[in-house]
>>> print(open('my_file09.pdb').read())   # PDB, C-alpha atoms and all ligand atoms
MODEL        1
ATOM      1  CA  MET A1021      31.240  67.657  63.735  1.00  0.00           C
ATOM      2  CA  ASN A1022      28.431  66.217  61.646  1.00  0.00           C
ATOM      3  CA  ARG A1023      26.859  68.291  58.883  1.00  0.00           C
ATOM      4  CA  LEU A1024      23.147  68.909  58.396  1.00  0.00           C
ATOM      5  CA  ILE A1025      22.336  68.472  54.688  1.00  0.00           C
ATOM      6  CA  ILE A1026      18.899  69.629  53.501  1.00  0.00           C
ATOM      7  CA  TYR A1027      17.604  68.757  50.020  1.00  0.00           C
ATOM      8  CA  GLY A1028      15.046  70.806  48.057  1.00  0.00           C
ATOM      9  CA  ASP A1029      11.916  69.305  46.440  1.00  0.00           C
ATOM     10  CA  ILE A1030      13.066  66.136  44.629  1.00  0.00           C
ATOM     11  CA  HIS A1031       9.732  65.220  42.974  1.00  0.00           C
ATOM     12  CA  GLY A1032      10.993  61.853  41.763  1.00  0.00           C
ATOM     13  CA  CYS A1033      14.193  63.229  40.204  1.00  0.00           C
ATOM     14  CA  TYR A1034      16.189  60.185  41.300  1.00  0.00           C
ATOM     15  CA  ASP A1035      19.196  60.605  38.973  1.00  0.00           C
ATOM     16  CA  GLU A1036      19.767  64.184  40.052  1.00  0.00           C
ATOM     17  CA  LEU A1037      19.517  63.221  43.736  1.00  0.00           C
ATOM     18  CA  VAL A1038      22.190  60.548  43.269  1.00  0.00           C
ATOM     19  CA  GLN A1039      24.419  63.039  41.395  1.00  0.00           C
ATOM     20  CA  LEU A1040      23.954  65.677  44.070  1.00  0.00           C
ATOM     21  CA  ARG A1041      24.875  63.199  46.811  1.00  0.00           C
ATOM     22  CA  GLN A1042      27.988  62.195  44.897  1.00  0.00           C
ATOM     23  CA  LYS A1043      28.982  65.854  44.853  1.00  0.00           C
ATOM     24  CA  ILE A1044      28.285  66.350  48.574  1.00  0.00           C
ATOM     25  CA  ASN A1045      29.688  62.954  49.590  1.00  0.00           C
ATOM     26  CA  PRO A1046      27.829  62.627  52.906  1.00  0.00           C
ATOM     27  CA  ALA A1047      29.788  61.115  55.796  1.00  0.00           C
ATOM     28  CA  LYS A1048      28.265  58.417  57.980  1.00  0.00           C
ATOM     29  CA  ASP A1049      27.397  60.792  60.796  1.00  0.00           C
ATOM     30  CA  ASP A1050      26.019  63.598  58.596  1.00  0.00           C
ATOM     31  CA  ILE A1051      22.269  64.133  58.888  1.00  0.00           C
ATOM     32  CA  GLU A1052      20.317  64.272  55.621  1.00  0.00           C
ATOM     33  CA  VAL A1053      16.772  65.662  55.461  1.00  0.00           C
ATOM     34  CA  CYS A1054      14.434  66.516  52.559  1.00  0.00           C
ATOM     35  CA  VAL A1055      11.953  69.398  52.634  1.00  0.00           C
ATOM     36  CA  GLY A1056       9.103  67.186  51.358  1.00  0.00           C
ATOM     37  CA  ASP A1057       7.549  66.590  47.923  1.00  0.00           C
ATOM     38  CA  VAL A1058      10.103  63.841  47.326  1.00  0.00           C
ATOM     39  CA  ILE A1059       7.531  62.090  45.095  1.00  0.00           C
ATOM     40  CA  THR A1060       5.077  62.895  42.227  1.00  0.00           C
ATOM     41  CA  ARG A1061       5.544  64.778  38.938  1.00  0.00           C
ATOM     42  CA  GLY A1062       9.010  63.335  38.149  1.00  0.00           C
ATOM     43  CA  LYS A1063       9.639  59.982  36.504  1.00  0.00           C
ATOM     44  CA  ASN A1064      11.149  58.018  39.423  1.00  0.00           C
ATOM     45  CA  SER A1065       9.000  58.645  42.489  1.00  0.00           C
ATOM     46  CA  VAL A1066       9.009  55.146  43.978  1.00  0.00           C
ATOM     47  CA  LYS A1067      12.698  54.614  43.184  1.00  0.00           C
ATOM     48  CA  THR A1068      13.430  57.874  45.012  1.00  0.00           C
ATOM     49  CA  LEU A1069      11.323  56.828  47.988  1.00  0.00           C
ATOM     50  CA  ARG A1070      13.219  53.510  48.302  1.00  0.00           C
ATOM     51  CA  TYR A1071      16.579  55.247  47.904  1.00  0.00           C
ATOM     52  CA  LEU A1072      15.760  57.622  50.761  1.00  0.00           C
ATOM     53  CA  GLN A1073      14.805  54.685  53.003  1.00  0.00           C
ATOM     54  CA  ASN A1074      17.905  52.669  52.059  1.00  0.00           C
ATOM     55  CA  ASN A1075      20.234  55.595  52.722  1.00  0.00           C
ATOM     56  CA  ASN A1076      18.664  56.715  55.993  1.00  0.00           C
ATOM     57  CA  ILE A1077      17.573  60.052  54.540  1.00  0.00           C
ATOM     58  CA  LYS A1078      14.674  61.644  56.412  1.00  0.00           C
ATOM     59  CA  SER A1079      11.987  63.948  55.075  1.00  0.00           C
ATOM     60  CA  VAL A1080       9.408  66.283  56.491  1.00  0.00           C
ATOM     61  CA  ILE A1081       5.998  65.945  54.845  1.00  0.00           C
ATOM     62  CA  GLY A1082       5.100  67.871  51.691  1.00  0.00           C
ATOM     63  CA  ASN A1083       1.622  68.582  50.322  1.00  0.00           C
ATOM     64  CA  HIS A1084       2.043  65.795  47.744  1.00  0.00           C
ATOM     65  CA  GLU A1085       2.843  63.123  50.364  1.00  0.00           C
ATOM     66  CA  ASP A1086       0.009  64.502  52.490  1.00  0.00           C
ATOM     67  CA  LYS A1087      -2.461  63.995  49.625  1.00  0.00           C
ATOM     68  CA  LEU A1088      -1.473  60.339  49.171  1.00  0.00           C
ATOM     69  CA  ILE A1089      -1.615  59.633  52.907  1.00  0.00           C
ATOM     70  CA  ARG A1090      -5.091  61.171  53.118  1.00  0.00           C
ATOM     71  CA  TYR A1091      -6.147  59.117  50.089  1.00  0.00           C
ATOM     72  CA  LEU A1092      -4.926  55.895  51.757  1.00  0.00           C
ATOM     73  CA  ALA A1093      -6.756  56.756  54.982  1.00  0.00           C
ATOM     74  CA  HIS A1094     -10.010  57.262  53.064  1.00  0.00           C
ATOM     75  CA  GLN A1095      -9.505  53.940  51.237  1.00  0.00           C
ATOM     76  CA  LYS A1096     -10.127  52.150  54.547  1.00  0.00           C
ATOM     77  CA  ASN A1097     -13.713  53.433  54.494  1.00  0.00           C
ATOM     78  CA  LEU A1098     -16.425  51.893  52.367  1.00  0.00           C
ATOM     79  CA  LYS A1099     -17.516  55.289  51.067  1.00  0.00           C
ATOM     80  CA  LYS A1100     -16.311  56.601  47.731  1.00  0.00           C
ATOM     81  CA  ASN A1101     -12.879  58.212  48.144  1.00  0.00           C
ATOM     82  CA  PRO A1102     -13.315  62.013  48.095  1.00  0.00           C
ATOM     83  CA  ILE A1103      -9.696  62.506  47.015  1.00  0.00           C
ATOM     84  CA  LYS A1104      -9.116  62.295  43.275  1.00  0.00           C
ATOM     85  CA  LEU A1105      -5.721  61.109  42.090  1.00  0.00           C
ATOM     86  CA  ASN A1106      -4.121  61.813  38.730  1.00  0.00           C
ATOM     87  CA  GLU A1107      -2.511  58.991  36.730  1.00  0.00           C
ATOM     88  CA  ASP A1108       0.942  59.599  38.202  1.00  0.00           C
ATOM     89  CA  GLU A1109      -0.373  59.548  41.772  1.00  0.00           C
ATOM     90  CA  GLN A1110      -2.417  56.398  41.092  1.00  0.00           C
ATOM     91  CA  ASN A1111       0.662  54.654  39.669  1.00  0.00           C
ATOM     92  CA  ILE A1112       2.650  55.562  42.771  1.00  0.00           C
ATOM     93  CA  ILE A1113      -0.095  54.265  45.085  1.00  0.00           C
ATOM     94  CA  ASN A1114      -0.178  50.987  43.138  1.00  0.00           C
ATOM     95  CA  CYS A1115       3.574  50.474  43.670  1.00  0.00           C
ATOM     96  CA  LEU A1116       3.809  51.295  47.377  1.00  0.00           C
ATOM     97  CA  ASN A1117       4.677  48.453  49.745  1.00  0.00           C
ATOM     98  CA  ALA A1118       4.047  48.410  53.500  1.00  0.00           C
ATOM     99  CA  GLU A1119       7.484  49.879  54.245  1.00  0.00           C
ATOM    100  CA  ASP A1120       6.951  52.741  51.798  1.00  0.00           C
ATOM    101  CA  ILE A1121       3.602  53.557  53.387  1.00  0.00           C
ATOM    102  CA  LYS A1122       5.135  53.478  56.847  1.00  0.00           C
ATOM    103  CA  TYR A1123       7.931  55.817  55.705  1.00  0.00           C
ATOM    104  CA  LEU A1124       5.368  58.258  54.263  1.00  0.00           C
ATOM    105  CA  GLN A1125       3.127  58.090  57.321  1.00  0.00           C
ATOM    106  CA  ASN A1126       6.066  58.762  59.624  1.00  0.00           C
ATOM    107  CA  MET A1127       7.090  61.983  57.868  1.00  0.00           C
ATOM    108  CA  PRO A1128       6.764  64.760  60.471  1.00  0.00           C
ATOM    109  CA  LEU A1129       5.348  68.231  59.815  1.00  0.00           C
ATOM    110  CA  PHE A1130       8.680  69.766  60.836  1.00  0.00           C
ATOM    111  CA  MET A1131      12.098  68.827  62.150  1.00  0.00           C
ATOM    112  CA  ARG A1132      14.310  70.941  64.381  1.00  0.00           C
ATOM    113  CA  PHE A1133      18.064  70.793  64.757  1.00  0.00           C
ATOM    114  CA  ASN A1134      19.158  73.485  67.244  1.00  0.00           C
ATOM    115  CA  LYS A1135      18.636  76.806  65.420  1.00  0.00           C
ATOM    116  CA  ILE A1136      17.502  75.199  62.152  1.00  0.00           C
ATOM    117  CA  THR A1137      13.850  74.279  61.500  1.00  0.00           C
ATOM    118  CA  ILE A1138      12.822  72.329  58.398  1.00  0.00           C
ATOM    119  CA  LEU A1139       9.282  72.348  56.970  1.00  0.00           C
ATOM    120  CA  HIS A1140       7.711  72.163  53.518  1.00  0.00           C
ATOM    121  CA  GLY A1141       5.719  75.342  52.871  1.00  0.00           C
ATOM    122  CA  GLY A1142       5.903  78.271  55.217  1.00  0.00           C
ATOM    123  CA  LEU A1143       5.015  79.742  58.577  1.00  0.00           C
ATOM    124  CA  GLN A1144       3.103  82.799  59.776  1.00  0.00           C
ATOM    125  CA  ASN A1145       4.582  84.659  62.734  1.00  0.00           C
ATOM    126  CA  HIS A1146       1.701  83.727  65.047  1.00  0.00           C
ATOM    127  CA  GLN A1147       1.993  79.995  64.334  1.00  0.00           C
ATOM    128  CA  LYS A1148       3.839  77.938  66.929  1.00  0.00           C
ATOM    129  CA  LEU A1149       5.091  74.564  65.734  1.00  0.00           C
ATOM    130  CA  ASP A1150       4.626  72.828  69.090  1.00  0.00           C
ATOM    131  CA  ASN A1151       0.880  73.463  68.977  1.00  0.00           C
ATOM    132  CA  VAL A1152      -0.514  73.047  65.469  1.00  0.00           C
ATOM    133  CA  SER A1153      -4.224  72.560  64.659  1.00  0.00           C
ATOM    134  CA  LYS A1154      -5.358  70.468  61.687  1.00  0.00           C
ATOM    135  CA  LYS A1155      -6.152  73.642  59.766  1.00  0.00           C
ATOM    136  CA  SER A1156      -2.742  75.137  60.537  1.00  0.00           C
ATOM    137  CA  HIS A1157      -1.084  71.880  59.496  1.00  0.00           C
ATOM    138  CA  ALA A1158      -2.636  72.155  56.027  1.00  0.00           C
ATOM    139  CA  LYS A1159      -1.506  75.781  55.715  1.00  0.00           C
ATOM    140  CA  ILE A1160       2.071  75.109  56.801  1.00  0.00           C
ATOM    141  CA  LEU A1161       2.354  72.585  53.942  1.00  0.00           C
ATOM    142  CA  ARG A1162       1.009  75.050  51.384  1.00  0.00           C
ATOM    143  CA  LEU A1163       1.851  78.603  52.459  1.00  0.00           C
ATOM    144  CA  ARG A1164       3.378  80.855  49.828  1.00  0.00           C
ATOM    145  CA  TYR A1165       1.791  84.287  49.997  1.00  0.00           C
ATOM    146  CA  LEU A1166      -0.037  86.403  52.593  1.00  0.00           C
ATOM    147  CA  ASP A1167      -2.382  89.280  51.787  1.00  0.00           C
ATOM    148  CA  GLU A1168      -2.134  92.835  53.167  1.00  0.00           C
ATOM    149  CA  ASP A1169      -3.907  91.708  56.347  1.00  0.00           C
ATOM    150  CA  ARG A1170      -1.447  88.832  56.664  1.00  0.00           C
ATOM    151  CA  ASN A1171      -4.034  86.178  55.796  1.00  0.00           C
ATOM    152  CA  PHE A1172      -3.233  83.022  53.853  1.00  0.00           C
ATOM    153  CA  VAL A1173      -3.607  83.447  50.074  1.00  0.00           C
ATOM    154  CA  SER A1174      -4.699  80.308  48.192  1.00  0.00           C
ATOM    155  CA  TYR A1175      -2.602  78.998  45.318  1.00  0.00           C
ATOM    156  CA  GLY A1176      -2.932  81.172  42.221  1.00  0.00           C
ATOM    157  CA  GLN A1177      -4.848  83.916  44.080  1.00  0.00           C
ATOM    158  CA  GLU A1178      -1.798  86.087  44.818  1.00  0.00           C
ATOM    159  CA  ASP A1179      -1.589  89.600  43.346  1.00  0.00           C
ATOM    160  CA  ASP A1180       0.926  92.447  43.456  1.00  0.00           C
ATOM    161  CA  LYS A1181      -0.105  93.314  47.030  1.00  0.00           C
ATOM    162  CA  SER A1182       0.639  89.801  48.271  1.00  0.00           C
ATOM    163  CA  ILE A1183       3.674  89.286  50.479  1.00  0.00           C
ATOM    164  CA  PHE A1184       5.852  86.183  50.349  1.00  0.00           C
ATOM    165  CA  TRP A1185       5.769  84.688  53.862  1.00  0.00           C
ATOM    166  CA  ALA A1186       9.564  84.465  54.302  1.00  0.00           C
ATOM    167  CA  ASP A1187       9.944  88.194  53.572  1.00  0.00           C
ATOM    168  CA  ILE A1188       8.125  89.014  56.840  1.00  0.00           C
ATOM    169  CA  TYR A1189       8.898  85.948  58.958  1.00  0.00           C
ATOM    170  CA  ASP A1190      10.463  87.130  62.235  1.00  0.00           C
ATOM    171  CA  GLY A1191      12.449  84.028  63.142  1.00  0.00           C
ATOM    172  CA  ASN A1192      10.479  83.113  66.279  1.00  0.00           C
ATOM    173  CA  GLN A1193      10.428  79.404  65.304  1.00  0.00           C
ATOM    174  CA  GLY A1194      14.067  79.276  64.260  1.00  0.00           C
ATOM    175  CA  PHE A1195      15.837  79.662  60.934  1.00  0.00           C
ATOM    176  CA  ILE A1196      13.429  77.892  58.553  1.00  0.00           C
ATOM    177  CA  VAL A1197      14.640  75.878  55.584  1.00  0.00           C
ATOM    178  CA  TYR A1198      11.704  75.185  53.260  1.00  0.00           C
ATOM    179  CA  GLY A1199      10.645  74.074  49.765  1.00  0.00           C
ATOM    180  CA  HIS A1200       7.276  74.167  47.938  1.00  0.00           C
ATOM    181  CA  GLN A1201       7.853  77.450  46.078  1.00  0.00           C
ATOM    182  CA  ASN A1202      10.446  77.089  43.371  1.00  0.00           C
ATOM    183  CA  PHE A1203      12.984  79.802  42.633  1.00  0.00           C
ATOM    184  CA  ASN A1204      15.685  80.220  39.987  1.00  0.00           C
ATOM    185  CA  GLU A1205      18.209  80.416  42.813  1.00  0.00           C
ATOM    186  CA  VAL A1206      17.864  79.585  46.489  1.00  0.00           C
ATOM    187  CA  LYS A1207      15.961  82.373  48.282  1.00  0.00           C
ATOM    188  CA  VAL A1208      17.866  83.802  51.228  1.00  0.00           C
ATOM    189  CA  ASN A1209      16.098  85.800  53.949  1.00  0.00           C
ATOM    190  CA  GLN A1210      17.335  86.814  57.382  1.00  0.00           C
ATOM    191  CA  HIS A1211      15.402  83.983  59.067  1.00  0.00           C
ATOM    192  CA  ALA A1212      14.615  81.591  56.209  1.00  0.00           C
ATOM    193  CA  LEU A1213      16.072  79.794  53.221  1.00  0.00           C
ATOM    194  CA  GLY A1214      14.072  78.435  50.258  1.00  0.00           C
ATOM    195  CA  VAL A1215      15.871  75.498  48.633  1.00  0.00           C
ATOM    196  CA  ASP A1216      13.455  74.401  45.872  1.00  0.00           C
ATOM    197  CA  THR A1217      15.184  75.330  42.629  1.00  0.00           C
ATOM    198  CA  GLY A1218      12.664  73.527  40.415  1.00  0.00           C
ATOM    199  CA  CYS A1219      14.570  70.417  39.328  1.00  0.00           C
ATOM    200  CA  VAL A1220      11.418  68.674  38.043  1.00  0.00           C
ATOM    201  CA  TYR A1221      10.674  71.741  35.883  1.00  0.00           C
ATOM    202  CA  GLY A1222      14.140  71.663  34.294  1.00  0.00           C
ATOM    203  CA  GLY A1223      15.911  73.831  36.886  1.00  0.00           C
ATOM    204  CA  GLU A1224      18.322  72.508  39.493  1.00  0.00           C
ATOM    205  CA  LEU A1225      18.246  70.225  42.504  1.00  0.00           C
ATOM    206  CA  SER A1226      19.849  72.047  45.429  1.00  0.00           C
ATOM    207  CA  ALA A1227      20.937  71.242  48.948  1.00  0.00           C
ATOM    208  CA  ALA A1228      21.824  73.526  51.843  1.00  0.00           C
ATOM    209  CA  ILE A1229      24.687  72.324  54.007  1.00  0.00           C
ATOM    210  CA  PHE A1230      25.095  73.496  57.600  1.00  0.00           C
ATOM    211  CA  LYS A1231      28.414  72.633  59.237  1.00  0.00           C
ATOM    212  CA  ASP A1232      26.889  73.382  62.623  1.00  0.00           C
ATOM    213  CA  SER A1233      23.142  73.606  63.299  1.00  0.00           C
ATOM    214  CA  ASN A1234      23.839  76.097  66.112  1.00  0.00           C
ATOM    215  CA  ASN A1235      24.929  78.537  63.441  1.00  0.00           C
ATOM    216  CA  LYS A1236      22.783  79.572  60.493  1.00  0.00           C
ATOM    217  CA  LYS A1237      25.779  79.823  58.158  1.00  0.00           C
ATOM    218  CA  PHE A1238      25.354  77.484  55.176  1.00  0.00           C
ATOM    219  CA  SER A1239      26.732  76.582  51.772  1.00  0.00           C
ATOM    220  CA  ILE A1240      24.767  75.467  48.707  1.00  0.00           C
ATOM    221  CA  GLU A1241      25.437  72.585  46.306  1.00  0.00           C
ATOM    222  CA  SER A1242      23.340  72.090  43.159  1.00  0.00           C
ATOM    223  CA  VAL A1243      23.126  69.919  40.059  1.00  0.00           C
ATOM    224  CA  ASN A1244      21.296  70.733  36.829  1.00  0.00           C
ATOM    225  CA  ALA A1245      18.186  68.806  35.889  1.00  0.00           C
ATOM    226  CA  ASN A1246      18.995  66.096  33.373  1.00  0.00           C
ATOM    227  CA  VAL A1247      17.685  66.629  29.865  1.00  0.00           C
ATOM    228  CA  ARG A1248      14.720  64.349  29.284  1.00  0.00           C
TER
HETATM  229 MN    MN B   1       4.827  71.407  47.508  1.00  0.00          MN
ENDMDL
END
>>> encode(input="my_file09.pdb", output="structure tokens", more="lines below")
Ligand SMILES: [Mn+2]
Amino acid sequence: MNRLIIYGDIHGCYDELVQLRQKINPAKDDIEVCVGDVITRGKNSVKTLRYLQNNNIKSVIGNHEDKLIRYLAHQKNLKKNPIKLNEDEQNIINCLNAEDIKYLQNMPLFMRFNKITILHGGLQNHQKLDNVSKKSHAKILRLRYLDEDRNFVSYGQEDDKSIFWADIYDGNQGFIVYGHQNFNEVKVNQHALGVDTGCVYGGELSAAIFKDSNNKKFSIESVNANVR
């Protein structure tokens, strides 16, 4: 049976991705998916993007890919682009070829394999993935915390009353494997698994491996961030 291998936020950490794959040794019929934010921040974003394409590794969309795609869409207009890029993002844009852009544009909001659902940020219990508004789409890419009334809390606005979404997620959209929020170790909940272990910040790059996507049992493989 083929394995489902899900990588945490890579953020251009190409060397660590290659090392992690050597450790996992994917077979031809294994399915490999990233949780998004494969680019930006790290030193090898474009190299990572090409490696994913060349090795048939899929990714759901992260907030960082979403920003670049929105920037490119605005570039087609004559008006001044409302999206401001930093130097790193501008360098990436300058290096993208048509294939890279197509790969980015084709990244879905979520992917489902039987009981396992993969998305970048998080999900509120009332959100249904088969019917997502534009506003919901933006939140799913960015969700971390909810307030006492279960409303979305913007980045940096969380306080001690905030609740991490996965701690109250009821599983109605499957067992969710996600990134976006980095943890020292993978975060395991009854219906969710956070696999961003902060490689680009000097932590680890991790992958969750499911032997059977009908069963939420998994194992974890990780590599340390290389010293820069
Ligand atoms: Mn993110």
>>> residues_around(input="my_file09.pdb", residues="A:Val1053", least_positions_apart="2", cutoff="10 Å", atoms="all atoms listed in the file", output="NGL selection string")
:A and (1024-1028 or 1050-1051 or 1055-1056 or 1072 or 1076-1080 or 1131 or 1138 or 1227)
>>> residues_near_ligand(input="my_file09.pdb", ligand="ligand MN 1 (chain B)", cutoff="6 Å", atoms="all atoms listed in the file", output="list in words")
Asp1057, Gly1082, Asn1083 and His1200 of chain A
>>> resolve_selection(input="my_file09.pdb", expression="the PyMOL selection byres (((chain A and resi 1184) around 6) and not hetatm)", output="ChimeraX atom specification")
/A:1164-1165,1183,1185-1187
>>> atom_distance(input="my_file09.pdb", atom1="atom CA of A:Leu1163", atom2="atom CA of A:Ile1112")
25.0 Å
>>> residues_near_point(input="my_file09.pdb", point="(-1.0, 79.5, 55.1)", cutoff="6 Å", atoms="all atoms listed in the file", output="list of chain:residue names")
A:Lys1159, A:Ile1160, A:Leu1163, A:Phe1172
>>> write_last_selection(input="my_file09.pdb", atoms="C-alpha atoms", output="mmCIF file, in the coordinates of the input")
data_model
loop_
_atom_site.group_PDB
_atom_site.id
_atom_site.type_symbol
_atom_site.label_atom_id
_atom_site.label_comp_id
_atom_site.auth_asym_id
_atom_site.auth_seq_id
_atom_site.Cartn_x
_atom_site.Cartn_y
_atom_site.Cartn_z
ATOM 1 C CA LYS A 1159 -1.506 75.781 55.715
ATOM 2 C CA ILE A 1160 2.071 75.109 56.801
ATOM 3 C CA LEU A 1163 1.851 78.603 52.459
ATOM 4 C CA PHE A 1172 -3.233 83.022 53.853
#
>>> resolve_selection(input="my_file09.pdb", expression="the PyMOL selection byres (((chain A and resi 1219-1223) around 7) and not hetatm)", output="VMD selection string")
chain A and resid 1030 to 1031 1033 1062 1217 to 1218 1224 to 1225 1244 to 1245
>>> atom_distance(input="my_file09.pdb", atom1="atom CA of A:Asn1134", atom2="atom CA of A:Gly1191")
13.2 Å
>>> resolve_selection(input="my_file09.pdb", expression="the PyMOL selection byres (((chain A and resi 1231) around 8) and not hetatm)", output="list in words")
Met1021, Asn1022, Arg1023, Leu1024, Ile1229, Phe1230, Asp1232, Ser1233, Lys1237 and Phe1238 of chain A
>>> write_last_selection(input="my_file09.pdb", atoms="C-alpha atoms", output="PDB file, in the frame of the given file")
ATOM      1  CA  MET A1021      31.240  67.657  63.735  1.00  0.00           C
ATOM      2  CA  ASN A1022      28.431  66.217  61.646  1.00  0.00           C
ATOM      3  CA  ARG A1023      26.859  68.291  58.883  1.00  0.00           C
ATOM      4  CA  LEU A1024      23.147  68.909  58.396  1.00  0.00           C
ATOM      5  CA  ILE A1229      24.687  72.324  54.007  1.00  0.00           C
ATOM      6  CA  PHE A1230      25.095  73.496  57.600  1.00  0.00           C
ATOM      7  CA  ASP A1232      26.889  73.382  62.623  1.00  0.00           C
ATOM      8  CA  SER A1233      23.142  73.606  63.299  1.00  0.00           C
ATOM      9  CA  LYS A1237      25.779  79.823  58.158  1.00  0.00           C
ATOM     10  CA  PHE A1238      25.354  77.484  55.176  1.00  0.00           C
TER      11      PHE A1238
END
>>> closest_residue(input="my_file09.pdb", among="A:Val1152, A:Ile1081, A:Val1173, A:Leu1139", to="A:Phe1195", atoms="all atoms listed in the file")
A:Leu1139
>>> atom_distance(input="my_file09.pdb", atom1="atom CA of A:Asn1246", atom2="atom CA of A:His1140")
23.9 Å
>>> closest_residue(input="my_file09.pdb", among="A:Leu1129, A:Val1215, A:Leu1037, A:Val1197", to="A:His1157", atoms="all atoms listed in the file")
A:Leu1129
>>> closest_residue(input="my_file09.pdb", among="A:Ile1240, A:Ala1228, A:Val1058, A:Ile1121", to="A:Tyr1071", atoms="all atoms listed in the file")
A:Val1058
>>> closest_residue(input="my_file09.pdb", among="A:Leu1161, A:Val1247, A:Ile1136, A:Leu1149", to="A:Gly1194", atoms="all atoms listed in the file")
A:Ile1136
>>> closest_residue(input="my_file09.pdb", among="A:Ala1093, A:Gln1193, A:Asn1234, A:Pro1046", to="A:Lys1148", atoms="all atoms listed in the file")
A:Gln1193
>>> closest_residue(input="my_file09.pdb", among="A:Gly1141, A:Pro1102, A:Gly1176, A:Gly1032", to="A:Asn1202", atoms="only C-alpha atoms")
A:Gly1141
>>> axis_aligned_box(input="my_file09.pdb", around="stretch 1133-1143 of chain A", padding_each_side="8 Å", output="JSON")
{"center_x": 12.1, "center_y": 75.3, "center_z": 60.1, "size_x": 30.1, "size_y": 24.9, "size_z": 30.4}
